[in-house]
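Novice: If it helps, the file is called upload.cif and holds mmCIF, N, CA and C atoms:
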```cif
data_final
#
loop_
_atom_site.label_atom_id
_atom_site.label_comp_id
_atom_site.auth_asym_id
_atom_site.auth_seq_id
_atom_site.Cartn_x
_atom_site.Cartn_y
_atom_site.Cartn_z
N MET A 127 23.67 34.87 32.62
CA MET A 127 24.72 34.91 31.65
C MET A 127 25.08 33.49 31.22
N THR A 128 25.30 33.32 29.92
CA THR A 128 25.61 32.01 29.38
C THR A 128 27.11 31.76 29.48
N THR A 129 27.44 30.63 30.02
CA THR A 129 28.86 30.28 30.16
C THR A 129 29.33 29.53 28.94
N LEU A 130 30.63 29.41 28.84
CA LEU A 130 31.25 28.69 27.73
C LEU A 130 30.85 27.22 27.76
N ALA A 131 30.74 26.64 28.93
CA ALA A 131 30.36 25.24 29.05
C ALA A 131 28.93 25.03 28.54
N ASP A 132 28.03 25.99 28.81
CA ASP A 132 26.66 25.88 28.32
C ASP A 132 26.62 25.94 26.79
N LEU A 133 27.42 26.85 26.21
CA LEU A 133 27.47 26.96 24.75
C LEU A 133 28.00 25.68 24.12
N ILE A 134 29.08 25.15 24.71
CA ILE A 134 29.67 23.93 24.16
C ILE A 134 28.68 22.77 24.33
N GLY A 135 28.02 22.71 25.46
CA GLY A 135 27.01 21.66 25.69
C GLY A 135 25.87 21.76 24.71
N GLY A 136 25.41 22.97 24.42
CA GLY A 136 24.32 23.17 23.46
C GLY A 136 24.72 22.77 22.05
N MET A 137 25.97 23.13 21.66
CA MET A 137 26.46 22.75 20.33
C MET A 137 26.61 21.23 20.24
N ALA A 138 27.04 20.61 21.31
CA ALA A 138 27.19 19.16 21.32
C ALA A 138 25.83 18.48 21.16
N MET A 139 24.81 19.03 21.82
CA MET A 139 23.47 18.45 21.70
C MET A 139 22.94 18.62 20.28
N GLU A 140 23.19 19.79 19.66
CA GLU A 140 22.76 20.00 18.28
C GLU A 140 23.47 19.04 17.34
N ALA A 141 24.77 18.84 17.56
CA ALA A 141 25.53 17.92 16.71
C ALA A 141 25.01 16.51 16.89
N LYS A 142 24.71 16.11 18.12
CA LYS A 142 24.19 14.78 18.40
C LYS A 142 22.82 14.60 17.73
N ALA A 143 21.97 15.61 17.80
CA ALA A 143 20.65 15.54 17.15
C ALA A 143 20.81 15.43 15.65
N SER A 144 21.77 16.17 15.11
CA SER A 144 22.02 16.11 13.67
C SER A 144 22.49 14.71 13.26
N ILE A 145 23.38 14.13 14.06
CA ILE A 145 23.87 12.78 13.76
C ILE A 145 22.73 11.78 13.87
N ASN A 146 21.91 11.88 14.90
CA ASN A 146 20.78 10.97 15.06
C ASN A 146 19.79 11.11 13.91
N LYS A 147 19.55 12.35 13.46
CA LYS A 147 18.64 12.58 12.35
C LYS A 147 19.16 11.92 11.08
N THR A 148 20.46 12.02 10.85
CA THR A 148 21.07 11.39 9.69
C THR A 148 20.92 9.88 9.77
N ALA A 149 21.15 9.32 10.96
CA ALA A 149 21.01 7.87 11.13
C ALA A 149 19.58 7.43 10.87
N VAL A 150 18.61 8.21 11.35
CA VAL A 150 17.21 7.88 11.12
C VAL A 150 16.90 7.95 9.63
N ASN A 151 17.40 8.99 8.95
CA ASN A 151 17.16 9.12 7.52
C ASN A 151 17.77 7.95 6.76
N ARG A 152 18.96 7.53 7.17
CA ARG A 152 19.58 6.37 6.51
C ARG A 152 18.72 5.14 6.71
N GLU A 153 18.20 4.96 7.92
CA GLU A 153 17.36 3.81 8.17
C GLU A 153 16.11 3.86 7.31
N ARG A 154 15.52 5.00 7.17
CA ARG A 154 14.32 5.13 6.34
C ARG A 154 14.63 4.81 4.88
N LYS A 155 15.76 5.25 4.41
CA LYS A 155 16.12 4.97 3.03
C LYS A 155 16.28 3.48 2.79
N VAL A 156 16.80 2.78 3.78
CA VAL A 156 16.97 1.34 3.64
C VAL A 156 15.63 0.63 3.58
N TRP A 157 14.68 1.11 4.38
CA TRP A 157 13.42 0.40 4.50
C TRP A 157 12.33 0.90 3.57
N THR A 158 12.57 1.95 2.82
CA THR A 158 11.52 2.41 1.91
C THR A 158 11.43 1.49 0.72
N ARG A 159 10.24 1.31 0.24
CA ARG A 159 9.97 0.44 -0.89
C ARG A 159 10.25 1.21 -2.17
N PRO A 160 10.94 0.60 -3.14
CA PRO A 160 11.18 1.32 -4.39
C PRO A 160 9.85 1.60 -5.11
N VAL A 161 9.74 2.76 -5.63
CA VAL A 161 8.51 3.18 -6.29
C VAL A 161 8.43 2.50 -7.64
N GLN A 162 7.28 1.89 -7.90
CA GLN A 162 7.07 1.31 -9.21
C GLN A 162 6.71 2.41 -10.19
N SER A 163 7.04 2.22 -11.42
CA SER A 163 6.72 3.25 -12.40
C SER A 163 5.26 3.11 -12.85
N MET A 164 4.74 4.16 -13.38
CA MET A 164 3.36 4.14 -13.88
C MET A 164 3.24 3.15 -15.04
N VAL A 165 4.30 3.02 -15.82
CA VAL A 165 4.29 2.07 -16.94
C VAL A 165 4.11 0.65 -16.43
N GLU A 166 4.79 0.30 -15.35
CA GLU A 166 4.68 -1.05 -14.79
C GLU A 166 3.26 -1.31 -14.28
N LEU A 167 2.67 -0.34 -13.62
CA LEU A 167 1.29 -0.49 -13.16
C LEU A 167 0.34 -0.66 -14.34
N GLN A 168 0.54 0.11 -15.39
CA GLN A 168 -0.32 0.01 -16.57
C GLN A 168 -0.16 -1.34 -17.26
N LEU A 169 1.07 -1.87 -17.27
CA LEU A 169 1.28 -3.19 -17.87
C LEU A 169 0.51 -4.26 -17.11
N VAL A 170 0.55 -4.21 -15.79
CA VAL A 170 -0.17 -5.20 -14.97
C VAL A 170 -1.67 -5.05 -15.15
N GLN A 171 -2.15 -3.82 -15.17
CA GLN A 171 -3.59 -3.59 -15.35
C GLN A 171 -4.04 -4.11 -16.71
N ARG A 172 -3.27 -3.83 -17.75
CA ARG A 172 -3.64 -4.30 -19.09
C ARG A 172 -3.64 -5.83 -19.14
N TYR A 173 -2.66 -6.45 -18.51
CA TYR A 173 -2.57 -7.91 -18.48
C TYR A 173 -3.84 -8.50 -17.87
N MET A 174 -4.28 -7.93 -16.76
CA MET A 174 -5.47 -8.46 -16.09
C MET A 174 -6.75 -8.15 -16.87
N VAL A 175 -6.81 -6.99 -17.48
CA VAL A 175 -7.97 -6.65 -18.30
C VAL A 175 -8.04 -7.57 -19.52
N LEU A 176 -6.91 -7.92 -20.09
CA LEU A 176 -6.91 -8.84 -21.23
C LEU A 176 -7.45 -10.21 -20.83
N GLY A 177 -7.16 -10.64 -19.61
CA GLY A 177 -7.73 -11.90 -19.12
C GLY A 177 -9.25 -11.85 -19.04
N ILE A 178 -9.77 -10.74 -18.56
CA ILE A 178 -11.23 -10.54 -18.51
C ILE A 178 -11.80 -10.52 -19.93
N LEU A 179 -11.10 -9.85 -20.83
CA LEU A 179 -11.57 -9.73 -22.21
C LEU A 179 -11.62 -11.10 -22.90
N ILE A 180 -10.63 -11.95 -22.64
CA ILE A 180 -10.63 -13.29 -23.22
C ILE A 180 -11.87 -14.07 -22.77
N SER A 181 -12.17 -13.96 -21.48
CA SER A 181 -13.37 -14.64 -20.95
C SER A 181 -14.64 -14.08 -21.58
N ALA A 182 -14.72 -12.78 -21.71
CA ALA A 182 -15.90 -12.14 -22.29
C ALA A 182 -16.08 -12.55 -23.75
N LEU A 183 -14.98 -12.60 -24.49
CA LEU A 183 -15.07 -13.02 -25.90
C LEU A 183 -15.52 -14.47 -26.00
N GLU A 184 -15.01 -15.34 -25.12
CA GLU A 184 -15.43 -16.74 -25.12
C GLU A 184 -16.92 -16.86 -24.82
N HIS A 185 -17.41 -16.04 -23.90
CA HIS A 185 -18.84 -16.01 -23.58
C HIS A 185 -19.65 -15.57 -24.79
N ASP A 186 -19.20 -14.52 -25.46
CA ASP A 186 -19.92 -14.02 -26.64
C ASP A 186 -19.89 -15.03 -27.78
N ILE A 187 -18.80 -15.75 -27.93
CA ILE A 187 -18.72 -16.79 -28.97
C ILE A 187 -19.73 -17.90 -28.68
N GLY A 188 -19.86 -18.26 -27.40
CA GLY A 188 -20.86 -19.26 -27.03
C GLY A 188 -22.27 -18.80 -27.32
N ILE A 189 -22.56 -17.56 -27.03
CA ILE A 189 -23.90 -17.01 -27.32
C ILE A 189 -24.15 -16.98 -28.82
N MET A 190 -23.14 -16.58 -29.58
CA MET A 190 -23.29 -16.50 -31.03
C MET A 190 -23.46 -17.90 -31.63
N SER A 191 -22.78 -18.90 -31.06
CA SER A 191 -22.92 -20.28 -31.55
C SER A 191 -24.34 -20.80 -31.36
N ALA A 192 -24.98 -20.40 -30.27
CA ALA A 192 -26.33 -20.86 -29.97
C ALA A 192 -27.40 -20.07 -30.71
N SER A 193 -27.04 -18.95 -31.30
CA SER A 193 -28.04 -18.12 -31.98
C SER A 193 -28.30 -18.64 -33.39
N ASP A 194 -29.33 -18.10 -33.99
CA ASP A 194 -29.64 -18.48 -35.37
C ASP A 194 -29.44 -17.29 -36.31
N ALA A 195 -28.41 -16.50 -36.06
CA ALA A 195 -28.09 -15.36 -36.92
C ALA A 195 -27.64 -15.87 -38.28
N LYS A 196 -27.92 -15.10 -39.30
CA LYS A 196 -27.59 -15.52 -40.66
C LYS A 196 -26.08 -15.60 -40.90
N PHE A 197 -25.35 -14.68 -40.32
CA PHE A 197 -23.90 -14.67 -40.54
C PHE A 197 -23.16 -15.15 -39.29
N ARG A 198 -23.76 -16.12 -38.61
CA ARG A 198 -23.23 -16.63 -37.35
C ARG A 198 -21.76 -17.07 -37.48
N ARG A 199 -21.44 -17.85 -38.49
CA ARG A 199 -20.07 -18.34 -38.64
C ARG A 199 -19.09 -17.21 -38.89
N SER A 200 -19.50 -16.20 -39.62
CA SER A 200 -18.62 -15.05 -39.87
C SER A 200 -18.36 -14.28 -38.58
N TYR A 201 -19.42 -14.08 -37.79
CA TYR A 201 -19.27 -13.37 -36.52
C TYR A 201 -18.36 -14.15 -35.57
N ILE A 202 -18.57 -15.46 -35.52
CA ILE A 202 -17.75 -16.29 -34.64
C ILE A 202 -16.30 -16.25 -35.10
N SER A 203 -16.07 -16.31 -36.39
CA SER A 203 -14.71 -16.24 -36.92
C SER A 203 -14.06 -14.91 -36.57
N PHE A 204 -14.81 -13.84 -36.68
CA PHE A 204 -14.29 -12.52 -36.34
C PHE A 204 -13.92 -12.45 -34.85
N LEU A 205 -14.83 -12.94 -34.00
CA LEU A 205 -14.57 -12.91 -32.56
C LEU A 205 -13.36 -13.78 -32.19
N ARG A 206 -13.21 -14.93 -32.85
CA ARG A 206 -12.04 -15.77 -32.60
C ARG A 206 -10.74 -15.05 -33.03
N GLY A 207 -10.82 -14.30 -34.13
CA GLY A 207 -9.65 -13.54 -34.56
C GLY A 207 -9.26 -12.48 -33.55
N VAL A 208 -10.24 -11.78 -33.00
CA VAL A 208 -9.98 -10.78 -31.96
C VAL A 208 -9.41 -11.48 -30.73
N GLN A 209 -9.97 -12.63 -30.38
CA GLN A 209 -9.50 -13.37 -29.22
C GLN A 209 -8.04 -13.81 -29.41
N ASP A 210 -7.68 -14.24 -30.61
CA ASP A 210 -6.30 -14.62 -30.89
C ASP A 210 -5.34 -13.44 -30.72
N ARG A 211 -5.76 -12.27 -31.19
CA ARG A 211 -4.91 -11.07 -31.03
C ARG A 211 -4.74 -10.70 -29.56
N VAL A 212 -5.82 -10.86 -28.79
CA VAL A 212 -5.75 -10.57 -27.35
C VAL A 212 -4.79 -11.54 -26.67
N LEU A 213 -4.87 -12.82 -27.05
CA LEU A 213 -3.96 -13.81 -26.47
C LEU A 213 -2.50 -13.51 -26.81
N LEU A 214 -2.25 -13.09 -28.04
CA LEU A 214 -0.88 -12.72 -28.43
C LEU A 214 -0.39 -11.50 -27.66
N ASP A 215 -1.26 -10.53 -27.48
CA ASP A 215 -0.91 -9.33 -26.71
C ASP A 215 -0.59 -9.70 -25.27
N LYS A 216 -1.38 -10.60 -24.70
CA LYS A 216 -1.16 -11.03 -23.31
C LYS A 216 0.16 -11.79 -23.20
N ALA A 217 0.48 -12.61 -24.17
CA ALA A 217 1.75 -13.34 -24.16
C ALA A 217 2.93 -12.37 -24.27
N GLY A 218 2.78 -11.33 -25.08
CA GLY A 218 3.82 -10.30 -25.20
C GLY A 218 4.04 -9.56 -23.89
N LEU A 219 2.96 -9.33 -23.16
CA LEU A 219 3.09 -8.69 -21.86
C LEU A 219 3.84 -9.59 -20.88
N GLY A 220 3.63 -10.90 -21.00
CA GLY A 220 4.36 -11.85 -20.16
C GLY A 220 5.87 -11.73 -20.36
N LEU A 221 6.29 -11.53 -21.59
CA LEU A 221 7.72 -11.34 -21.87
C LEU A 221 8.24 -10.04 -21.26
N LYS A 222 7.44 -8.99 -21.33
CA LYS A 222 7.83 -7.72 -20.71
C LYS A 222 7.92 -7.85 -19.20
N PHE A 223 7.03 -8.67 -18.63
CA PHE A 223 7.06 -8.90 -17.18
C PHE A 223 8.38 -9.52 -16.75
N ARG A 224 8.83 -10.52 -17.50
CA ARG A 224 10.10 -11.17 -17.14
C ARG A 224 11.26 -10.19 -17.19
N ALA A 225 11.24 -9.31 -18.18
CA ALA A 225 12.33 -8.34 -18.33
C ALA A 225 12.32 -7.31 -17.20
N ARG A 226 11.16 -7.00 -16.65
CA ARG A 226 11.04 -5.98 -15.60
C ARG A 226 10.93 -6.56 -14.19
N GLY A 227 10.93 -7.88 -14.07
CA GLY A 227 10.83 -8.50 -12.75
C GLY A 227 9.45 -8.40 -12.13
N ILE A 228 8.41 -8.57 -12.96
CA ILE A 228 7.03 -8.49 -12.50
C ILE A 228 6.40 -9.87 -12.57
N SER A 229 5.65 -10.23 -11.55
CA SER A 229 4.88 -11.47 -11.60
C SER A 229 3.53 -11.23 -10.92
N VAL A 230 2.48 -11.70 -11.57
CA VAL A 230 1.12 -11.54 -11.05
C VAL A 230 0.83 -12.75 -10.17
N HIS A 231 0.43 -12.49 -8.93
CA HIS A 231 0.16 -13.57 -7.98
C HIS A 231 -1.32 -13.86 -7.83
N GLU A 232 -2.13 -12.85 -7.91
CA GLU A 232 -3.55 -13.06 -7.63
C GLU A 232 -4.39 -12.10 -8.45
N GLU A 233 -5.46 -12.64 -8.98
CA GLU A 233 -6.42 -11.84 -9.73
C GLU A 233 -7.80 -12.22 -9.22
N LYS A 234 -8.44 -11.30 -8.51
CA LYS A 234 -9.75 -11.57 -7.92
C LYS A 234 -10.81 -10.75 -8.61
N ARG A 235 -11.91 -11.40 -8.91
CA ARG A 235 -13.08 -10.70 -9.44
C ARG A 235 -14.03 -10.51 -8.26
N GLU A 236 -14.02 -9.32 -7.72
CA GLU A 236 -14.87 -9.01 -6.58
C GLU A 236 -16.10 -8.25 -7.06
N GLN A 237 -17.03 -8.04 -6.15
CA GLN A 237 -18.26 -7.35 -6.53
C GLN A 237 -17.98 -5.92 -6.97
N ALA A 238 -17.05 -5.25 -6.31
CA ALA A 238 -16.74 -3.85 -6.64
C ALA A 238 -15.91 -3.73 -7.90
N GLY A 239 -15.06 -4.70 -8.17
CA GLY A 239 -14.20 -4.60 -9.33
C GLY A 239 -13.13 -5.68 -9.36
N LEU A 240 -12.16 -5.46 -10.18
CA LEU A 240 -11.05 -6.39 -10.38
C LEU A 240 -9.92 -6.01 -9.43
N LYS A 241 -9.46 -6.97 -8.62
CA LYS A 241 -8.38 -6.72 -7.68
C LYS A 241 -7.18 -7.55 -8.10
N GLY A 242 -6.03 -6.91 -8.14
CA GLY A 242 -4.81 -7.61 -8.52
C GLY A 242 -3.73 -7.49 -7.47
N VAL A 243 -3.02 -8.58 -7.23
CA VAL A 243 -1.87 -8.60 -6.33
C VAL A 243 -0.70 -9.11 -7.16
N TYR A 244 0.40 -8.36 -7.14
CA TYR A 244 1.54 -8.72 -7.97
C TYR A 244 2.84 -8.29 -7.31
N MET A 245 3.93 -8.87 -7.79
CA MET A 245 5.26 -8.52 -7.31
C MET A 245 5.97 -7.71 -8.40
N CYS A 246 6.63 -6.66 -7.97
CA CYS A 246 7.41 -5.84 -8.90
C CYS A 246 8.74 -5.54 -8.23
N ARG A 247 9.80 -6.02 -8.82
CA ARG A 247 11.15 -5.86 -8.29
C ARG A 247 11.27 -6.33 -6.83
N GLY A 248 10.61 -7.42 -6.51
CA GLY A 248 10.73 -8.01 -5.18
C GLY A 248 9.77 -7.49 -4.14
N TYR A 249 8.94 -6.53 -4.48
CA TYR A 249 7.99 -5.97 -3.52
C TYR A 249 6.56 -6.21 -3.99
N GLN A 250 5.69 -6.49 -3.05
CA GLN A 250 4.30 -6.78 -3.37
C GLN A 250 3.50 -5.49 -3.49
N HIS A 251 2.69 -5.43 -4.54
CA HIS A 251 1.80 -4.29 -4.77
C HIS A 251 0.40 -4.83 -5.05
N GLN A 252 -0.58 -3.96 -4.96
CA GLN A 252 -1.93 -4.34 -5.32
C GLN A 252 -2.69 -3.14 -5.87
N PHE A 253 -3.75 -3.43 -6.59
CA PHE A 253 -4.62 -2.37 -7.11
C PHE A 253 -6.02 -2.92 -7.26
N THR A 254 -6.97 -2.03 -7.34
CA THR A 254 -8.37 -2.39 -7.60
C THR A 254 -8.86 -1.50 -8.73
N MET A 255 -9.54 -2.12 -9.68
CA MET A 255 -10.09 -1.41 -10.82
C MET A 255 -11.59 -1.66 -10.83
N LEU A 256 -12.38 -0.61 -10.80
CA LEU A 256 -13.84 -0.75 -10.80
C LEU A 256 -14.32 -1.36 -12.11
N TRP A 257 -15.44 -2.06 -12.06
CA TRP A 257 -15.94 -2.76 -13.25
C TRP A 257 -16.25 -1.81 -14.40
N GLY A 258 -16.69 -0.61 -14.10
CA GLY A 258 -16.93 0.36 -15.17
C GLY A 258 -15.66 0.70 -15.92
N ALA A 259 -14.57 0.84 -15.20
CA ALA A 259 -13.28 1.12 -15.83
C ALA A 259 -12.78 -0.09 -16.61
N VAL A 260 -13.02 -1.29 -16.09
CA VAL A 260 -12.62 -2.52 -16.80
C VAL A 260 -13.39 -2.63 -18.11
N ARG A 261 -14.69 -2.38 -18.05
CA ARG A 261 -15.52 -2.45 -19.26
C ARG A 261 -15.06 -1.43 -20.31
N GLN A 262 -14.79 -0.21 -19.85
CA GLN A 262 -14.34 0.83 -20.78
C GLN A 262 -13.00 0.46 -21.41
N GLU A 263 -12.09 -0.08 -20.61
CA GLU A 263 -10.79 -0.48 -21.13
C GLU A 263 -10.93 -1.62 -22.14
N CYS A 264 -11.83 -2.56 -21.86
CA CYS A 264 -12.09 -3.66 -22.82
C CYS A 264 -12.62 -3.11 -24.14
N GLU A 265 -13.52 -2.16 -24.07
CA GLU A 265 -14.07 -1.57 -25.30
C GLU A 265 -12.98 -0.85 -26.10
N VAL A 266 -12.08 -0.15 -25.41
CA VAL A 266 -10.99 0.54 -26.10
C VAL A 266 -10.07 -0.48 -26.78
N ILE A 267 -9.77 -1.57 -26.09
CA ILE A 267 -8.88 -2.60 -26.65
C ILE A 267 -9.52 -3.24 -27.88
N ILE A 268 -10.81 -3.59 -27.79
CA ILE A 268 -11.49 -4.20 -28.93
C ILE A 268 -11.51 -3.24 -30.11
N LYS A 269 -11.82 -1.99 -29.84
CA LYS A 269 -11.84 -0.98 -30.92
C LYS A 269 -10.48 -0.86 -31.57
N ASP A 270 -9.43 -0.88 -30.75
CA ASP A 270 -8.06 -0.79 -31.26
C ASP A 270 -7.74 -1.98 -32.14
N PHE A 271 -8.10 -3.19 -31.70
CA PHE A 271 -7.83 -4.39 -32.49
C PHE A 271 -8.62 -4.40 -33.78
N CYS A 272 -9.84 -3.86 -33.76
CA CYS A 272 -10.66 -3.83 -34.97
C CYS A 272 -10.14 -2.82 -35.99
N GLN A 273 -9.56 -1.71 -35.51
CA GLN A 273 -9.08 -0.68 -36.42
C GLN A 273 -7.67 -0.97 -36.91
N ARG A 274 -6.93 -1.80 -36.19
CA ARG A 274 -5.55 -2.12 -36.56
C ARG A 274 -5.54 -3.00 -37.79
N LYS A 275 -4.65 -2.72 -38.69
CA LYS A 275 -4.53 -3.53 -39.90
C LYS A 275 -3.46 -4.58 -39.67
N SER A 276 -3.77 -5.81 -40.04
CA SER A 276 -2.85 -6.93 -39.79
C SER A 276 -1.64 -6.87 -40.67
#
```
Just give me the structure of the file as structure tokens.
Specialist:
Amino acid sequence: MTTLADLIGGMAMEAKASINKTAVNRERKVWTRPVQSMVELQLVQRYMVLGILISALEHDIGIMSASDAKFRRSYISFLRGVQDRVLLDKAGLGLKFRARGISVHEEKREQAGLKGVYMCRGYQHQFTMLWGAVRQECEVIIKDFCQRKS
């Protein structure tokens, strides 16, 4: 038979467990990292892809300068125009970074892909983008710049 003392003791243990669980949950809330938004991740990825694109355009301009194509100067002028638009877009992203508290710390070109380390609202994040995805994103950006009317 259960005595009154046993019931009170059991309720006290449940209350204590409940209080401890609340304390643990509070501790977890304090130590959890704020979730970055998908928009912030996309901004950082685009920023890094634009850096790759600037390098690729500079490489293509060098190749075009060394070639003997008939419209070499026109092609080079076109590529420089695209490169200028990419630079302006990258500068605009820098302004958005300041407004959102984002700073890029590291950009590594590894064999597997592009790796980025950045701070967002005081917490460090990282991502890796495979080279196939970087190439596809560069092609989309170039196509967008070519179709856009100034």
Novice: Which of these residues is nearest to A:Gln162, using all atoms listed in the file: A:Arg274, A:Met255, A:Cys246, A:Ala217?
Specialist: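 Of the candidates, the smallest distance to A:Gln162 is held by A:Cys246.
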Novice: Once the PyMOL selection byres ((chain A and resi 245) around 8) is applied to the coordinates I shared, what remains selected? I want it as JSON, numbers by chain.
Specialist: {"A": [226, 227, 228, 229, 230, 231, 232, 242, 243, 244, 246, 247, 248, 249, 250, 251, 252]}
Novice: Kindly save the residues from that selection, with N, CA and C atoms included, as a PDB file, keeping the file's coordinate frame.
Specialist:
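Writing done, so here's selection_9.pdb:
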```pdb
ATOM      1  N   ARG A 226      11.160  -7.000 -16.650  1.00  0.00           N
ATOM      2  CA  ARG A 226      11.040  -5.980 -15.600  1.00  0.00           C
ATOM      3  C   ARG A 226      10.930  -6.560 -14.190  1.00  0.00           C
ATOM      4  N   GLY A 227      10.930  -7.880 -14.070  1.00  0.00           N
ATOM      5  CA  GLY A 227      10.830  -8.500 -12.750  1.00  0.00           C
ATOM      6  C   GLY A 227       9.450  -8.400 -12.130  1.00  0.00           C
ATOM      7  N   ILE A 228       8.410  -8.570 -12.960  1.00  0.00           N
ATOM      8  CA  ILE A 228       7.030  -8.490 -12.500  1.00  0.00           C
ATOM      9  C   ILE A 228       6.400  -9.870 -12.570  1.00  0.00           C
ATOM     10  N   SER A 229       5.650 -10.230 -11.550  1.00  0.00           N
ATOM     11  CA  SER A 229       4.880 -11.470 -11.600  1.00  0.00           C
ATOM     12  C   SER A 229       3.530 -11.230 -10.920  1.00  0.00           C
ATOM     13  N   VAL A 230       2.480 -11.700 -11.570  1.00  0.00           N
ATOM     14  CA  VAL A 230       1.120 -11.540 -11.050  1.00  0.00           C
ATOM     15  C   VAL A 230       0.830 -12.750 -10.170  1.00  0.00           C
ATOM     16  N   HIS A 231       0.430 -12.490  -8.930  1.00  0.00           N
ATOM     17  CA  HIS A 231       0.160 -13.570  -7.980  1.00  0.00           C
ATOM     18  C   HIS A 231      -1.320 -13.860  -7.830  1.00  0.00           C
ATOM     19  N   GLU A 232      -2.130 -12.850  -7.910  1.00  0.00           N
ATOM     20  CA  GLU A 232      -3.550 -13.060  -7.630  1.00  0.00           C
ATOM     21  C   GLU A 232      -4.390 -12.100  -8.450  1.00  0.00           C
ATOM     22  N   GLY A 242      -6.030  -6.910  -8.140  1.00  0.00           N
ATOM     23  CA  GLY A 242      -4.810  -7.610  -8.520  1.00  0.00           C
ATOM     24  C   GLY A 242      -3.730  -7.490  -7.470  1.00  0.00           C
ATOM     25  N   VAL A 243      -3.020  -8.580  -7.230  1.00  0.00           N
ATOM     26  CA  VAL A 243      -1.870  -8.600  -6.330  1.00  0.00           C
ATOM     27  C   VAL A 243      -0.700  -9.110  -7.160  1.00  0.00           C
ATOM     28  N   TYR A 244       0.400  -8.360  -7.140  1.00  0.00           N
ATOM     29  CA  TYR A 244       1.540  -8.720  -7.970  1.00  0.00           C
ATOM     30  C   TYR A 244       2.840  -8.290  -7.310  1.00  0.00           C
ATOM     31  N   CYS A 246       6.630  -6.660  -7.970  1.00  0.00           N
ATOM     32  CA  CYS A 246       7.410  -5.840  -8.900  1.00  0.00           C
ATOM     33  C   CYS A 246       8.740  -5.540  -8.230  1.00  0.00           C
ATOM     34  N   ARG A 247       9.800  -6.020  -8.820  1.00  0.00           N
ATOM     35  CA  ARG A 247      11.150  -5.860  -8.290  1.00  0.00           C
ATOM     36  C   ARG A 247      11.270  -6.330  -6.830  1.00  0.00           C
ATOM     37  N   GLY A 248      10.610  -7.420  -6.510  1.00  0.00           N
ATOM     38  CA  GLY A 248      10.730  -8.010  -5.180  1.00  0.00           C
ATOM     39  C   GLY A 248       9.770  -7.490  -4.140  1.00  0.00           C
ATOM     40  N   TYR A 249       8.940  -6.530  -4.480  1.00  0.00           N
ATOM     41  CA  TYR A 249       7.990  -5.970  -3.520  1.00  0.00           C
ATOM     42  C   TYR A 249       6.560  -6.210  -3.990  1.00  0.00           C
ATOM     43  N   GLN A 250       5.690  -6.490  -3.050  1.00  0.00           N
ATOM     44  CA  GLN A 250       4.300  -6.780  -3.370  1.00  0.00           C
ATOM     45  C   GLN A 250       3.500  -5.490  -3.490  1.00  0.00           C
ATOM     46  N   HIS A 251       2.690  -5.430  -4.540  1.00  0.00           N
ATOM     47  CA  HIS A 251       1.800  -4.290  -4.770  1.00  0.00           C
ATOM     48  C   HIS A 251       0.400  -4.830  -5.050  1.00  0.00           C
ATOM     49  N   GLN A 252      -0.580  -3.960  -4.960  1.00  0.00           N
ATOM     50  CA  GLN A 252      -1.930  -4.340  -5.320  1.00  0.00           C
ATOM     51  C   GLN A 252      -2.690  -3.140  -5.870  1.00  0.00           C
TER      52      GLN A 252
END
```
Novice: Calculate how many Å separate atom CA of A:Gln171 from atom CA of A:Glu233, rounding to one decimal.
Specialist: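 Distance reported for this atom pair: 10.4 Å.
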Novice: Figure out the distance between atom CA of A:Val260 and atom CA of A:Leu240, please, to one decimal in Å.
Specialist: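 Atom CA of A:Val260 lies 7.7 Å from atom CA of A:Leu240.
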Novice: Just the number, please: distance in Å from atom CA of A:Leu213 to atom CA of A:Ile267, one decimal.
Specialist: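 Distance reported for this atom pair: 12.2 Å.
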Novice: Would you place a box with edges along x, y and z of the file around all atoms of stretch 261-268 of chain A listed there, add 4 Å to each of its six sides, and report the centre and edge lengths in Å to one decimal, as JSON?
Specialist:
```
{"center_x": -12.2, "center_y": -1.7, "center_z": -24.1, "size_x": 14.6, "size_y": 13.0, "size_z": 20.1}
```
